[in-house]
Each structure stands twice: as C-alpha cells, then as structure tokens.
Amino acid sequence: MPTKIICEENAIANHGSIMNSLGSTALIVTGKHSSKTNGSLNHVVNSLKENNIDYHIFDDVEENPSTETIIKIKLFAQDKGIDFIIGIGGGSPIDASKAAGVLLFNSQATIEDLFTNSALNSLPIVAVPTTAGTGTETTPYSILTDHNIKNKRGICPKIFPVVSFLDATYLMDTPKNVTINTSIDALSHLIEGYLSTNSNCFSNALAESGLKIFSECISYISSENIPFKIRENLLIASSIAGMVISQSGTSIPHGMGYSLTYYHNVPHGKANGILLKEYLKIYANNSKDKVDKIISLLNFSNVDEFGNFIDELFSKDLKITLDELKNYTSYMNSNKAKLKNHPYPLTYEDILSIYIKSIK
Ligand code: NAP
Ligand code: ZN
C-alpha cells in the first residue's frame with residue numbers, strides 16, 4: 001500500500017507542502033455541495049495558495065460517477081497543464097479523480113481502455129476523504145457507473161493515491177443517513193476482505209484490527225452528534241478496510257449490491273449492508289470459524305444479532321420483483337472476478353436465495 005497517509009486534525013494546513021513535490025498546477029475534483037460546507041475545499045485551496053500551486057476546480061461529480069462525468073472532467077482539464085489531481089469528497093469524487101487521472105495522463109486513452117488496459121498509469125492523485133466508508137483513499141480501485149452495461153464496474157488500472165489527508169473535522173456534520181451508509185460500506189470491506197480467498201495473515205491482522213476499532217464505534221453510528229474521536233476512528237477503520245481490500249478484493253455482497261444501486265438507487269453502503277447477514281450465513285455453512293471471529297470482534301453473540309443491528313439501521317423499503325432479482329442473480333453469476341474471491345462453490349440458487357431472504 002504505497003499511499004502516504006497523514007491522519008490528524010488540520011492535516012492539510014500542517015502538511016500541505018507535500019503537494020509541492022507533485023507539480024505547479026492542480027486539478028481539484030469534488031462533488032456539488034458538501035466540500036464547500038464542511039471546510040475541506042477551503043483548506044485545500046488555502047494550502048495550494050500558500051504553496052504557490054495554481055488550481056482549477058471541477059465540482060460536478062455525482063454519486064456513483066458515470067463514465068460520462070469522467071469524459072467531462074477530461075474535457076474540462078485537458079488544456080490546463082494539470083500536474084496532479086486532488087479528489088475531495090466521498091468515494092465518488094475520489095474515484096472520479098483516479099479515472100480522470102488515467103485519461104489525462106494518457107491523452108489517447110478512451111473510456112473503453114479504462115476497462116481493458118491495466119497497464120495505464122495516472123497523474124498523481126491526492127485524496128481528501130470526507131466520508132468514512134469506501135476507503136478509496138487507501139485502495140487502487142475506482143468504481144464507475146457504465147450505462148453501456150447498465151451496471152457499475154471497476155477500472156482496470158490500479159491507481160493508489162500518492163498522499164491521503166485524513167481529517168475527521170470534515171465529517172463532523174455528516175447527515176445521519178450518509179454516516180450509516182458509509183460506515184456499513186467500511187464494515188462490508190472488512191468482512192468481505194477477511195473472508196476473501198485472497199486474504200492472508202497480514203490482511204487478516206489488518207481486518208481484525210479494523211473490526212475491533214469499528215466495534216467501539218457501533219453504538220454511535222446512528223447518533224445525531226458523534227464525537228470527533230469516534231468520527232476519526234470510523235475514518236481510520238475505513239482506511240484500514242481499504243488496505244484490506246487492496247490485498248483481498250471485495251466479493252459477493254459488493255458484486256450483488258451494484259445492481260441494487262444501479263436499478264433502485266440504493267446507496268452503496270446500504271446495498272452491501274442488507275446482504276451481509278445472509279452472506280455470513282451461507283459462508284458459515286462451509287466455514288464457521290472466521291464468521292464466528294467476525295461476530296465476536298464486533299461484540300455480537302451470533303449472526304442473527306448482527307442482522308438485527310443492520311435491520312435497525314436501514315428501512316425495508318425496497319420493492320423489487322422476483323424477475324428483477326433473477327436478472328441480478330444472472331449478472332452476479334457471470335461476475336467471475338467477484339465469484340473467485342468467495343472460497344466455496346456458490347450456485348445460482350444460493351445467490352438468488354441471498355437476494356430473496358435479504359430483500360423480502
Ligand atoms: P459519495 O457518493 O461520494 O457521496 C454521497 C453523498 O454524501 C453525496 O451527496 C455527498 O455530497 C455527501 N457527502 C460526502 N461527504 C460529506 C460530508 N462530509 N458531509 C455531508 N455530506 C457529505 O459516497 P461514498 O459512499 O463515499 O462513495 C460511494 C462511491 O464509492 C460509489 O460509487 C462506490 O461504488 C465507490 N466505492 C469505491 C471504492 C474504492 O475502493 N474505490 C470502494 C467502495 C466503494 P456531495 O455530492 O455534495 O459531495
Ligand atoms: Zn464498498
């Protein structure tokens with residue numbers, strides 16, 4: 001995990017000079033609103049001014065960024081002599097930064113190349129996460145919405161940020177629903193990463209420490225006022241989870257969740273979260289030890305108690321027909337990359353039953 005992480009209050013004010021080594025012109029990529037109100041955009045701009053770095057701002061990244069948005073960023077920035085990109089926001093703007101960084105670094109590259117050519121490099125990326133969820137600040141992944149395949153998928157080039165500034169200040173006023181969705185995304189990364197075929201003793205040690213930190217935050221997740229220390233611990237757990245999935249990848253809940261997001265606009269974290277209990281149950285049919293360890297690190301007594309915790313966080317408001325679930329099952333069943341991260345044979349019926357039991 002080659003990213004330099006700076007985790008402290010005022011991280012950018014204290015260490016922004018690091019960006020001097022990345023060039024003299026920066027592109028800031030961010031969402032429409034939140035970075036303007038939580039202080040992160042101002043802090044970055046002030047630091048760039050202090051360090052005499054020119055900058056341009058693209059502030060139109062939507063949730064679950066589409067390939068069309070990546071093209072817009074490229075067109076906006078391509079004649080501006082950009083040396084590096086600063087992604088500020090949740091996973092959406094930071095993932096968009098990575099994908100745009102590839103297109104700007106390789107002027108001939110197309111969107112299709114993003115999904116086929118893993119050899120492409122990117123402009124250097126600086127990440128300023130303002131959600132504690134995706135871990136994109138410590139992962140090489142960038143997930144885009146591709147309307148051509150009517151789903152979400154990751155780009156092939158592996159782009160780790162060069163620097164990530166973690167400052168929980170920016171998360172203090174996060175609305176409850178965003179806190180819940182994003183925390184459960186981080187939890188899914190820890191769980192899927194821990195159970196993945198690619199996990200090893202090192203990634204397991206990270207996952208266990210992340211689960212332990214997460215367990216200490218559980219009682220605060222749906223509070224209105226979350227103390228700074230808890231916000232910071234959620235951010236740390238999320239970045240640890242990113243390190244875990246950088247090694248192990250995500251697996252079935254993520255693969256299944258993408259369709260719920262694409263077709264029913266279910267936020268990414270909720271989409272994974274509502275599938276976790278049934279996934280853990282099916283996993284435990286073959287291998288109980290690691291599932292038991294997860295449950296005990298999270299201080300629950302069994303998988304059903306864990307399921308109750310998830311149920312209390314999310315409204316059961318999804319109206320999805322059986323035919324739709326069958327379509328999503330077929331899509332998941334063809335997603336070899338995610339299936340290979342699950343260590344036991346999983347049939348079409350297994351996947352469909354996870355959907356049905358989770359969504360009914
Ligand atoms: P997001 O889509 O980046 O943002 C969700 C919402 O939260 C937006 O409305 C955003 O507002 C708002 N928001 C962000 N920070 C805020 C703050 N501090 N206070 C108040 N509101 C805030 O959400 P996300 O869950 O972080 O990212 C999801 C994306 O990441 C998905 O596309 C998912 O597939 C991807 N992902 C990537 C990885 C990876 O490793 N690369 C891993 C998992 C998931 P604004 O739009 O105004 O900013
Ligand atoms: Zn995720």
# chains A, B, ... in the order shown; residues from 1 in each chain; ligands from 1
>>> closest_atom_pairs(of="chain A", to="ligand 1", cutoff="6 Å", atoms="only C-alpha atoms and all ligand atoms", output="CSV")
residue,atom,partner,partner_atom_place_in_ligand_line,distance
A:Gly31,CA,ligand 1,48 (O),3.8
A:Lys32,CA,ligand 1,47 (O),4.2
A:His33,CA,ligand 1,47 (O),3.4
A:Ser34,CA,ligand 1,47 (O),3.9
A:Ser35,CA,ligand 1,48 (O),5.8
A:Asn38,CA,ligand 1,18 (N),6.0
A:Glu62,CA,ligand 1,46 (O),5.7
A:Glu63,CA,ligand 1,2 (O),3.7
A:Asn64,CA,ligand 1,32 (O),3.5
A:Gly89,CA,ligand 1,15 (N),5.0
A:Gly90,CA,ligand 1,3 (O),3.1
A:Gly91,CA,ligand 1,27 (O),3.4
A:Ser92,CA,ligand 1,3 (O),3.8
A:Pro93,CA,ligand 1,3 (O),5.9
A:Asp95,CA,ligand 1,41 (N),5.4
A:Thr130,CA,ligand 1,18 (N),4.3
A:Thr131,CA,ligand 1,15 (N),4.8
A:Gly133,CA,ligand 1,26 (O),5.7
A:Thr134,CA,ligand 1,43 (C),3.9
A:Gly135,CA,ligand 1,40 (O),5.6
A:Thr136,CA,ligand 1,40 (O),3.9
A:Thr139,CA,ligand 1,40 (O),4.9
A:Tyr141,CA,ligand 1,41 (N),4.1
A:Ser142,CA,ligand 1,41 (N),4.2
A:Ile143,CA,ligand 1,34 (O),5.0
A:Tyr170,CA,ligand 1,18 (N),5.1
A:Leu171,CA,ligand 1,18 (N),4.2
A:Asp173,CA,ligand 1,19 (N),5.7
A:Thr174,CA,ligand 1,19 (N),3.7
A:Pro175,CA,ligand 1,20 (C),5.8
A:Val178,CA,ligand 1,7 (O),5.7
A:Thr182,CA,ligand 1,25 (O),4.9
A:His268,CA,ligand 1,33 (C),5.7
>>> write_last_selection(atoms="N, CA and C atoms", output="CSV table (one decimal), in the first residue's frame")
chain,number,residue,atom,x,y,z
A,31,GLY,N,-17.5,17.0,-5.3
A,31,GLY,CA,-18.9,16.9,-5.6
A,31,GLY,C,-19.5,18.3,-5.6
A,32,LYS,N,-20.9,18.4,-5.7
A,32,LYS,CA,-21.6,19.6,-5.9
A,32,LYS,C,-21.6,20.5,-4.7
A,33,HIS,N,-21.8,19.9,-3.5
A,33,HIS,CA,-22.1,20.8,-2.3
A,33,HIS,C,-21.1,20.5,-1.1
A,34,SER,N,-21.0,19.3,-0.7
A,34,SER,CA,-20.5,19.0,0.7
A,34,SER,C,-19.1,19.6,1.0
A,35,SER,N,-18.2,19.6,0.0
A,35,SER,CA,-16.9,20.0,0.3
A,35,SER,C,-16.8,21.6,0.5
A,38,ASN,N,-18.2,21.7,4.4
A,38,ASN,CA,-17.5,21.1,5.5
A,38,ASN,C,-16.1,21.5,5.7
A,62,GLU,N,-21.2,13.5,-9.5
A,62,GLU,CA,-22.5,13.0,-8.9
A,62,GLU,C,-22.1,11.7,-8.1
A,63,GLU,N,-23.1,11.3,-7.3
A,63,GLU,CA,-22.9,10.0,-6.6
A,63,GLU,C,-22.8,8.9,-7.6
A,64,ASN,N,-22.0,7.9,-7.4
A,64,ASN,CA,-21.8,6.8,-8.3
A,64,ASN,C,-21.4,7.3,-9.7
A,89,GLY,N,-13.9,14.5,-1.2
A,89,GLY,CA,-15.3,14.1,-1.0
A,89,GLY,C,-15.4,12.7,-0.6
A,90,GLY,N,-16.5,12.2,-0.9
A,90,GLY,CA,-16.7,10.7,-0.7
A,90,GLY,C,-16.0,9.9,-1.7
A,91,GLY,N,-16.4,8.7,-1.8
A,91,GLY,CA,-15.7,7.8,-2.8
A,91,GLY,C,-16.0,8.3,-4.2
A,92,SER,N,-17.1,8.9,-4.4
A,92,SER,CA,-17.5,9.3,-5.8
A,92,SER,C,-16.5,10.3,-6.4
A,93,PRO,N,-16.2,11.4,-5.8
A,93,PRO,CA,-15.2,12.3,-6.4
A,93,PRO,C,-13.8,11.8,-6.4
A,95,ASP,N,-12.9,8.5,-6.6
A,95,ASP,CA,-12.8,7.5,-7.7
A,95,ASP,C,-12.8,8.2,-9.1
A,130,THR,N,-14.0,12.7,2.7
A,130,THR,CA,-15.0,13.4,3.7
A,130,THR,C,-16.1,12.4,4.1
A,131,THR,N,-16.0,11.1,3.7
A,131,THR,CA,-16.8,10.1,4.2
A,131,THR,C,-15.9,9.0,4.8
A,133,GLY,N,-16.0,5.5,4.7
A,133,GLY,CA,-16.7,4.3,4.1
A,133,GLY,C,-16.0,3.6,3.1
A,134,THR,N,-15.7,4.3,1.9
A,134,THR,CA,-15.2,3.5,0.8
A,134,THR,C,-13.7,3.0,1.0
A,135,GLY,N,-13.0,3.8,1.7
A,135,GLY,CA,-11.5,3.5,1.8
A,135,GLY,C,-10.8,3.8,0.5
A,136,THR,N,-11.4,4.5,-0.4
A,136,THR,CA,-10.7,4.7,-1.7
A,136,THR,C,-9.4,5.5,-1.5
A,139,THR,N,-7.1,2.6,-1.4
A,139,THR,CA,-7.2,1.4,-2.4
A,139,THR,C,-6.8,1.9,-3.8
A,141,TYR,N,-8.6,1.2,-6.4
A,141,TYR,CA,-9.8,1.0,-7.2
A,141,TYR,C,-10.5,2.3,-7.5
A,142,SER,N,-11.2,2.2,-8.6
A,142,SER,CA,-12.1,3.3,-9.0
A,142,SER,C,-13.3,2.7,-9.6
A,143,ILE,N,-14.5,2.9,-9.0
A,143,ILE,CA,-15.7,2.2,-9.5
A,143,ILE,C,-16.6,3.3,-10.2
A,170,TYR,N,-13.9,17.2,8.8
A,170,TYR,CA,-14.8,17.4,7.6
A,170,TYR,C,-16.0,16.4,7.7
A,171,LEU,N,-16.0,15.5,8.7
A,171,LEU,CA,-17.1,14.6,8.8
A,171,LEU,C,-18.0,14.9,9.9
A,173,ASP,N,-20.3,17.1,10.5
A,173,ASP,CA,-21.7,17.4,10.3
A,173,ASP,C,-22.4,16.5,9.3
A,174,THR,N,-21.8,15.4,9.0
A,174,THR,CA,-22.3,14.4,8.0
A,174,THR,C,-23.7,14.0,8.5
A,175,PRO,N,-24.7,14.1,7.6
A,175,PRO,CA,-26.1,13.7,8.0
A,175,PRO,C,-26.1,12.2,8.3
A,178,VAL,N,-26.0,9.4,5.7
A,178,VAL,CA,-24.7,9.3,5.0
A,178,VAL,C,-23.7,8.5,5.9
A,182,THR,N,-22.2,4.9,4.8
A,182,THR,CA,-20.8,4.8,4.5
A,182,THR,C,-20.1,3.9,5.6
A,268,HIS,N,-24.6,2.9,-1.9
A,268,HIS,CA,-23.7,1.8,-2.0
A,268,HIS,C,-23.5,1.0,-0.7
>>> residues_around(residues="A:Phe300", least_positions_apart="2", cutoff="12 Å", atoms="only C-alpha atoms", output="PyMOL selection string")
chain A and resi 211-212+215+218+291-298+302-310
>>> residues_near_ligand(ligand="ligand 2", cutoff="12 Å", atoms="only C-alpha atoms and all ligand atoms", output="MDAnalysis selection string")
chainID A and resid 64 90:92 95 131:136 139 141:143 152:154 181:193 238:239 241:242 244:246 249:258 261 267:273
>>> residues_around(residues="A:Ala168", least_positions_apart="3", cutoff="10 Å", atoms="only C-alpha atoms", output="list in words")
Cys7, Glu8, Glu9, Asn10, Ala11, Pro129, Thr130, Thr131, Ala132, Phe165, Leu171, Met172, Pro227, Phe228, Lys229, Ile230, Arg231, Glu232, Asn233, Leu234, Leu235 and Ile236 of chain A
>>> write_last_selection(atoms="N, CA, C and O atoms", output="compact mmCIF listing (two decimals), in the first residue's frame")
# COMPACT_ATOMS: atom_id res chain seq x y z
N CYS A 7 -2.85 11.46 9.11
CA CYS A 7 -4.13 11.40 9.82
C CYS A 7 -4.03 12.25 11.08
O CYS A 7 -3.42 11.83 12.07
N GLU A 8 -4.56 13.46 11.02
CA GLU A 8 -4.59 14.33 12.20
C GLU A 8 -5.52 15.51 11.92
O GLU A 8 -5.83 15.81 10.77
N GLU A 9 -5.93 16.18 12.99
CA GLU A 9 -6.70 17.40 12.82
C GLU A 9 -5.81 18.43 12.13
O GLU A 9 -4.61 18.52 12.44
N ASN A 10 -6.34 19.17 11.18
CA ASN A 10 -5.56 20.16 10.40
C ASN A 10 -4.46 19.52 9.55
O ASN A 10 -3.41 20.13 9.33
N ALA A 11 -4.68 18.31 9.11
CA ALA A 11 -3.66 17.58 8.33
C ALA A 11 -3.19 18.40 7.12
O ALA A 11 -2.00 18.47 6.84
N PRO A 129 -10.59 12.35 1.89
CA PRO A 129 -11.90 11.73 2.10
C PRO A 129 -12.75 12.53 3.08
O PRO A 129 -12.24 12.99 4.10
N THR A 130 -14.02 12.70 2.73
CA THR A 130 -14.95 13.36 3.66
C THR A 130 -16.08 12.41 4.06
O THR A 130 -17.05 12.82 4.67
N THR A 131 -15.96 11.14 3.67
CA THR A 131 -16.83 10.11 4.24
C THR A 131 -15.90 9.04 4.82
O THR A 131 -14.75 8.92 4.39
N ALA A 132 -16.43 8.29 5.78
CA ALA A 132 -15.65 7.18 6.35
C ALA A 132 -16.30 5.91 5.87
O ALA A 132 -17.16 5.35 6.57
N PHE A 165 -4.98 12.74 2.94
CA PHE A 165 -5.09 13.56 4.15
C PHE A 165 -6.37 13.15 4.88
O PHE A 165 -7.47 13.35 4.35
N LEU A 171 -15.96 15.50 8.67
CA LEU A 171 -17.08 14.57 8.80
C LEU A 171 -18.03 14.93 9.92
O LEU A 171 -19.05 14.26 10.13
N MET A 172 -17.71 15.99 10.67
CA MET A 172 -18.46 16.25 11.90
C MET A 172 -19.95 16.51 11.66
O MET A 172 -20.78 16.14 12.48
N PRO A 227 -18.95 12.19 18.54
CA PRO A 227 -17.74 12.90 18.96
C PRO A 227 -16.61 12.77 17.93
O PRO A 227 -16.54 11.79 17.18
N PHE A 228 -15.71 13.75 17.93
CA PHE A 228 -14.59 13.78 16.99
C PHE A 228 -13.81 12.45 17.02
O PHE A 228 -13.48 11.89 15.98
N LYS A 229 -13.53 11.96 18.22
CA LYS A 229 -12.69 10.76 18.34
C LYS A 229 -13.35 9.56 17.65
O LYS A 229 -12.68 8.73 17.03
N ILE A 230 -14.68 9.48 17.76
CA ILE A 230 -15.39 8.37 17.11
C ILE A 230 -15.39 8.56 15.60
O ILE A 230 -15.14 7.62 14.83
N ARG A 231 -15.62 9.79 15.14
CA ARG A 231 -15.55 10.07 13.69
C ARG A 231 -14.16 9.68 13.17
O ARG A 231 -14.03 9.09 12.11
N GLU A 232 -13.15 10.05 13.93
CA GLU A 232 -11.78 9.75 13.49
C GLU A 232 -11.55 8.23 13.47
O GLU A 232 -10.94 7.70 12.54
N ASN A 233 -12.08 7.54 14.45
CA ASN A 233 -11.90 6.08 14.47
C ASN A 233 -12.65 5.42 13.31
O ASN A 233 -12.16 4.44 12.73
N LEU A 234 -13.81 5.97 12.96
CA LEU A 234 -14.53 5.42 11.79
C LEU A 234 -13.70 5.64 10.52
O LEU A 234 -13.62 4.77 9.64
N LEU A 235 -13.08 6.82 10.45
CA LEU A 235 -12.24 7.13 9.28
C LEU A 235 -11.02 6.18 9.24
O LEU A 235 -10.65 5.67 8.17
N ILE A 236 -10.45 5.93 10.40
CA ILE A 236 -9.30 5.02 10.46
C ILE A 236 -9.74 3.60 10.08
O ILE A 236 -9.08 2.92 9.28
>>> select_by_dssp(residues="stretch 123-326 of chain A", states="helix (DSSP H, G or I)", output="short mmCIF file (atom, residue, chain, number, x, y, z; two decimals) with C-alpha atoms, in the first residue's frame")
data_model
loop_
_atom_site.label_atom_id
_atom_site.label_comp_id
_atom_site.auth_asym_id
_atom_site.auth_seq_id
_atom_site.Cartn_x
_atom_site.Cartn_y
_atom_site.Cartn_z
CA ALA A 168 -12.25 13.91 10.74
CA THR A 169 -13.12 17.62 11.04
CA TYR A 170 -14.79 17.35 7.63
CA LEU A 171 -17.08 14.57 8.80
CA LYS A 176 -27.13 10.52 9.78
CA ASN A 177 -28.09 8.58 6.63
CA VAL A 178 -24.70 9.25 4.99
CA THR A 179 -22.87 8.23 8.18
CA ILE A 180 -24.85 4.99 8.37
CA ASN A 181 -24.48 4.09 4.68
CA THR A 182 -20.78 4.84 4.54
CA SER A 183 -19.87 3.14 7.84
CA ILE A 184 -21.60 -0.03 6.73
CA ASP A 185 -19.63 0.10 3.47
CA ALA A 186 -16.41 0.12 5.53
CA LEU A 187 -17.77 -2.77 7.61
CA SER A 188 -18.55 -4.73 4.41
CA HIS A 189 -14.98 -4.20 3.22
CA LEU A 190 -13.61 -5.55 6.50
CA ILE A 191 -15.92 -8.56 6.40
CA GLU A 192 -15.62 -9.40 2.69
CA GLY A 193 -11.87 -8.78 2.78
CA TYR A 194 -11.44 -11.03 5.82
CA LEU A 195 -13.42 -13.82 4.20
CA CYS A 201 -2.14 -13.41 7.62
CA PHE A 202 -1.22 -9.76 7.02
CA SER A 203 -4.56 -8.65 5.58
CA ASN A 204 -6.32 -10.67 8.30
CA ALA A 205 -4.38 -8.84 11.02
CA LEU A 206 -5.49 -5.54 9.49
CA ALA A 207 -9.10 -6.71 9.14
CA GLU A 208 -9.24 -7.89 12.75
CA SER A 209 -7.87 -4.57 14.00
CA GLY A 210 -10.37 -2.70 11.79
CA LEU A 211 -13.27 -4.79 13.10
CA LYS A 212 -12.17 -4.11 16.68
CA ILE A 213 -12.00 -0.33 16.07
CA PHE A 214 -15.36 -0.49 14.28
CA SER A 215 -16.96 -2.37 17.19
CA GLU A 216 -16.09 0.52 19.51
CA CYS A 217 -17.98 2.91 17.20
CA ILE A 218 -21.09 0.78 16.68
CA SER A 219 -23.23 2.37 19.37
CA TYR A 220 -22.62 5.85 17.90
CA PHE A 228 -14.59 13.78 16.99
CA LYS A 229 -12.69 10.76 18.34
CA ILE A 230 -15.39 8.37 17.11
CA ARG A 231 -15.55 10.07 13.69
CA GLU A 232 -11.78 9.75 13.49
CA ASN A 233 -11.90 6.08 14.47
CA LEU A 234 -14.53 5.42 11.79
CA LEU A 235 -12.24 7.13 9.28
CA ILE A 236 -9.30 5.02 10.46
CA ALA A 237 -11.38 1.81 10.31
CA SER A 238 -12.45 2.75 6.78
CA SER A 239 -8.86 3.38 5.64
CA ILE A 240 -7.74 0.11 7.25
CA ALA A 241 -10.59 -1.61 5.42
CA GLY A 242 -9.29 -0.04 2.20
CA MET A 243 -5.86 -1.55 2.88
CA VAL A 244 -7.51 -4.93 3.44
CA ILE A 245 -9.47 -4.93 0.17
CA SER A 246 -6.41 -3.66 -1.69
CA GLN A 247 -4.99 -7.12 -0.95
CA SER A 248 -8.12 -9.25 -0.89
CA ILE A 252 -20.30 -11.38 -3.18
CA PRO A 253 -22.16 -8.61 -1.27
CA HIS A 254 -20.40 -5.93 -3.33
CA GLY A 255 -20.99 -7.81 -6.57
CA MET A 256 -24.67 -8.28 -5.70
CA GLY A 257 -25.10 -4.75 -4.35
CA TYR A 258 -24.10 -3.00 -7.58
CA SER A 259 -27.41 -3.98 -9.26
CA LEU A 260 -29.44 -2.65 -6.30
CA THR A 261 -27.62 0.67 -6.68
CA TYR A 262 -27.89 0.83 -10.46
CA TYR A 263 -31.55 -0.14 -10.77
CA HIS A 264 -33.01 1.08 -7.47
CA HIS A 268 -23.67 1.76 -1.98
CA GLY A 269 -23.19 1.00 1.74
CA LYS A 270 -26.83 0.07 2.29
CA ALA A 271 -26.75 -2.14 -0.80
CA ASN A 272 -23.91 -4.22 0.65
CA GLY A 273 -25.13 -3.99 4.23
CA ILE A 274 -28.56 -5.51 3.71
CA LEU A 275 -26.95 -8.56 2.06
CA LEU A 276 -24.35 -9.18 4.77
CA LYS A 277 -26.35 -11.32 7.22
CA GLU A 278 -27.44 -13.85 4.61
CA TYR A 279 -23.94 -13.86 3.10
CA LEU A 280 -22.42 -14.64 6.50
CA LYS A 281 -24.94 -17.45 6.99
CA ILE A 282 -24.16 -19.06 3.66
CA TYR A 283 -20.42 -18.67 4.28
CA ALA A 284 -20.74 -20.25 7.74
CA LYS A 288 -17.76 -21.23 10.66
CA ASP A 289 -14.52 -20.16 12.35
CA LYS A 290 -13.89 -16.89 10.55
CA VAL A 291 -17.56 -15.91 10.69
CA ASP A 292 -17.55 -16.58 14.46
CA LYS A 293 -14.43 -14.45 14.81
CA ILE A 294 -16.08 -11.53 12.98
CA ILE A 295 -19.17 -11.79 15.17
CA SER A 296 -17.12 -11.90 18.36
CA LEU A 297 -14.84 -9.00 17.33
CA VAL A 303 -25.18 -13.78 13.13
CA ASP A 304 -28.88 -13.08 13.81
CA GLU A 305 -27.99 -10.49 16.43
CA PHE A 306 -25.66 -8.89 13.86
CA GLY A 307 -28.56 -8.99 11.38
CA ASN A 308 -30.83 -7.18 13.87
CA PHE A 309 -28.22 -4.42 14.19
CA ILE A 310 -28.20 -3.98 10.39
CA ASP A 311 -32.02 -4.14 10.19
CA GLU A 312 -32.33 -1.32 12.73
CA LEU A 313 -30.13 0.93 10.59
CA LEU A 322 -38.62 -11.79 -8.32
CA ASP A 323 -37.88 -11.41 -12.03
CA GLU A 324 -35.61 -8.47 -11.32
CA LEU A 325 -33.80 -10.44 -8.62
CA LYS A 326 -33.33 -13.29 -11.10
#
>>> residues_around(residues="A:Asp54", least_positions_apart="3", cutoff="8 Å", atoms="only C-alpha atoms", output="PyMOL selection string")
chain A and resi 24-26+48-49
>>> write_last_selection(atoms="all heavy atoms", output="CSV table (one decimal), in the first residue's frame")
chain,number,residue,atom,x,y,z
A,24,SER,N,3.1,22.1,-10.3
A,24,SER,CA,2.8,23.5,-10.0
A,24,SER,C,1.3,23.9,-10.4
A,24,SER,O,0.8,24.9,-10.1
A,24,SER,CB,3.7,24.5,-10.8
A,24,SER,OG,3.6,24.1,-12.2
A,25,THR,N,0.6,22.9,-11.0
A,25,THR,CA,-0.8,23.1,-11.3
A,25,THR,C,-1.7,21.9,-10.9
A,25,THR,O,-1.4,20.8,-11.3
A,25,THR,CB,-1.0,23.4,-12.8
A,25,THR,OG1,-0.2,24.5,-13.2
A,25,THR,CG2,-2.5,23.8,-13.1
A,26,ALA,N,-2.7,22.2,-10.1
A,26,ALA,CA,-3.5,21.1,-9.6
A,26,ALA,C,-4.9,21.2,-10.2
A,26,ALA,O,-5.4,22.3,-10.4
A,26,ALA,CB,-3.6,21.1,-8.1
A,48,LEU,N,-3.0,25.3,-1.3
A,48,LEU,CA,-2.4,25.5,-2.6
A,48,LEU,C,-1.9,26.9,-2.8
A,48,LEU,O,-0.8,27.1,-3.3
A,48,LEU,CB,-3.5,25.1,-3.7
A,48,LEU,CG,-3.9,23.6,-3.7
A,48,LEU,CD1,-5.0,23.4,-4.7
A,48,LEU,CD2,-2.7,22.7,-4.1
A,49,LYS,N,-2.7,27.9,-2.3
A,49,LYS,CA,-2.3,29.3,-2.4
A,49,LYS,C,-1.0,29.5,-1.6
A,49,LYS,O,0.0,30.1,-2.2
A,49,LYS,CB,-3.3,30.2,-1.9
A,49,LYS,CG,-4.5,30.3,-2.8
A,49,LYS,CD,-5.6,31.3,-2.2
A,49,LYS,CE,-6.8,31.5,-3.1
A,49,LYS,NZ,-7.9,32.0,-2.4
>>> residues_around(residues="stretch 13-16 of chain A", least_positions_apart="5", cutoff="10 Å", atoms="only C-alpha atoms", output="tab-separated table (two decimals) with N, CA and C atoms, in the first residue's frame")
chain	number	residue	atom	x	y	z
A	6	ILE	N	-1.64	10.84	6.05
A	6	ILE	CA	-1.47	11.78	7.16
A	6	ILE	C	-2.81	11.88	7.85
A	8	GLU	N	-4.56	13.46	11.02
A	8	GLU	CA	-4.59	14.33	12.20
A	8	GLU	C	-5.52	15.51	11.92
A	43	HIS	N	-9.81	24.45	2.88
A	43	HIS	CA	-8.49	24.07	3.41
A	43	HIS	C	-7.53	23.73	2.28
A	44	VAL	N	-8.03	22.99	1.29
A	44	VAL	CA	-7.15	22.61	0.18
A	44	VAL	C	-6.74	23.85	-0.61
A	46	ASN	N	-6.63	26.97	0.36
A	46	ASN	CA	-5.68	27.80	1.14
A	46	ASN	C	-4.28	27.22	1.09
A	47	SER	N	-4.19	25.90	1.20
A	47	SER	CA	-2.88	25.26	1.18
A	47	SER	C	-2.21	25.42	-0.19
A	48	LEU	N	-3.00	25.29	-1.25
A	48	LEU	CA	-2.42	25.45	-2.60
A	48	LEU	C	-1.91	26.88	-2.78
A	50	GLU	N	-0.93	28.95	-0.42
A	50	GLU	CA	0.28	29.10	0.40
A	50	GLU	C	1.51	28.51	-0.28
A	51	ASN	N	1.28	27.45	-1.04
A	51	ASN	CA	2.41	26.77	-1.68
A	51	ASN	C	2.61	27.20	-3.14
A	165	PHE	N	-4.98	12.74	2.94
A	165	PHE	CA	-5.09	13.56	4.15
A	165	PHE	C	-6.37	13.15	4.88
>>> atom_distance(atom1="atom CA of A:Gly23", atom2="atom CA of A:Phe160")
17.7 Å
>>> closest_residue(among="A:Asn106, A:His342, A:Asn200, A:Tyr331", to="A:Pro157", atoms="only C-alpha atoms")
A:Asn106
>>> atom_distance(atom1="atom CA of A:Cys156", atom2="atom CA of A:Ala119")
8.2 Å
>>> closest_atom_pairs(of="stretch 131-178 of chain A", to="stretch 69-82 of chain A", cutoff="12 Å", atoms="only C-alpha atoms", output="JSON lines")
{"residue": "A:Ser142", "atom": "CA", "partner": "A:Ile70", "partner_atom": "CA", "distance": 11.2}
{"residue": "A:Ile143", "atom": "CA", "partner": "A:Ile70", "partner_atom": "CA", "distance": 11.4}
{"residue": "A:Leu144", "atom": "CA", "partner": "A:Ile70", "partner_atom": "CA", "distance": 8.9}
{"residue": "A:Thr145", "atom": "CA", "partner": "A:Thr69", "partner_atom": "CA", "distance": 9.6}
{"residue": "A:Asp146", "atom": "CA", "partner": "A:Thr69", "partner_atom": "CA", "distance": 10.6}
{"residue": "A:His147", "atom": "CA", "partner": "A:Thr69", "partner_atom": "CA", "distance": 11.7}
{"residue": "A:Ile155", "atom": "CA", "partner": "A:Ile70", "partner_atom": "CA", "distance": 11.7}
>>> atom_distance(atom1="atom CA of A:Ser17", atom2="atom CA of A:Asp83")
15.2 Å
>>> closest_residue(among="A:Val45, A:Ile28, A:Leu352, A:Val266", to="A:Tyr328", atoms="only C-alpha atoms")
A:Leu352
>>> closest_residue(among="A:Asn341, A:Ser358, A:Ser287, A:Ser334", to="A:Leu318", atoms="only C-alpha atoms")
A:Ser358
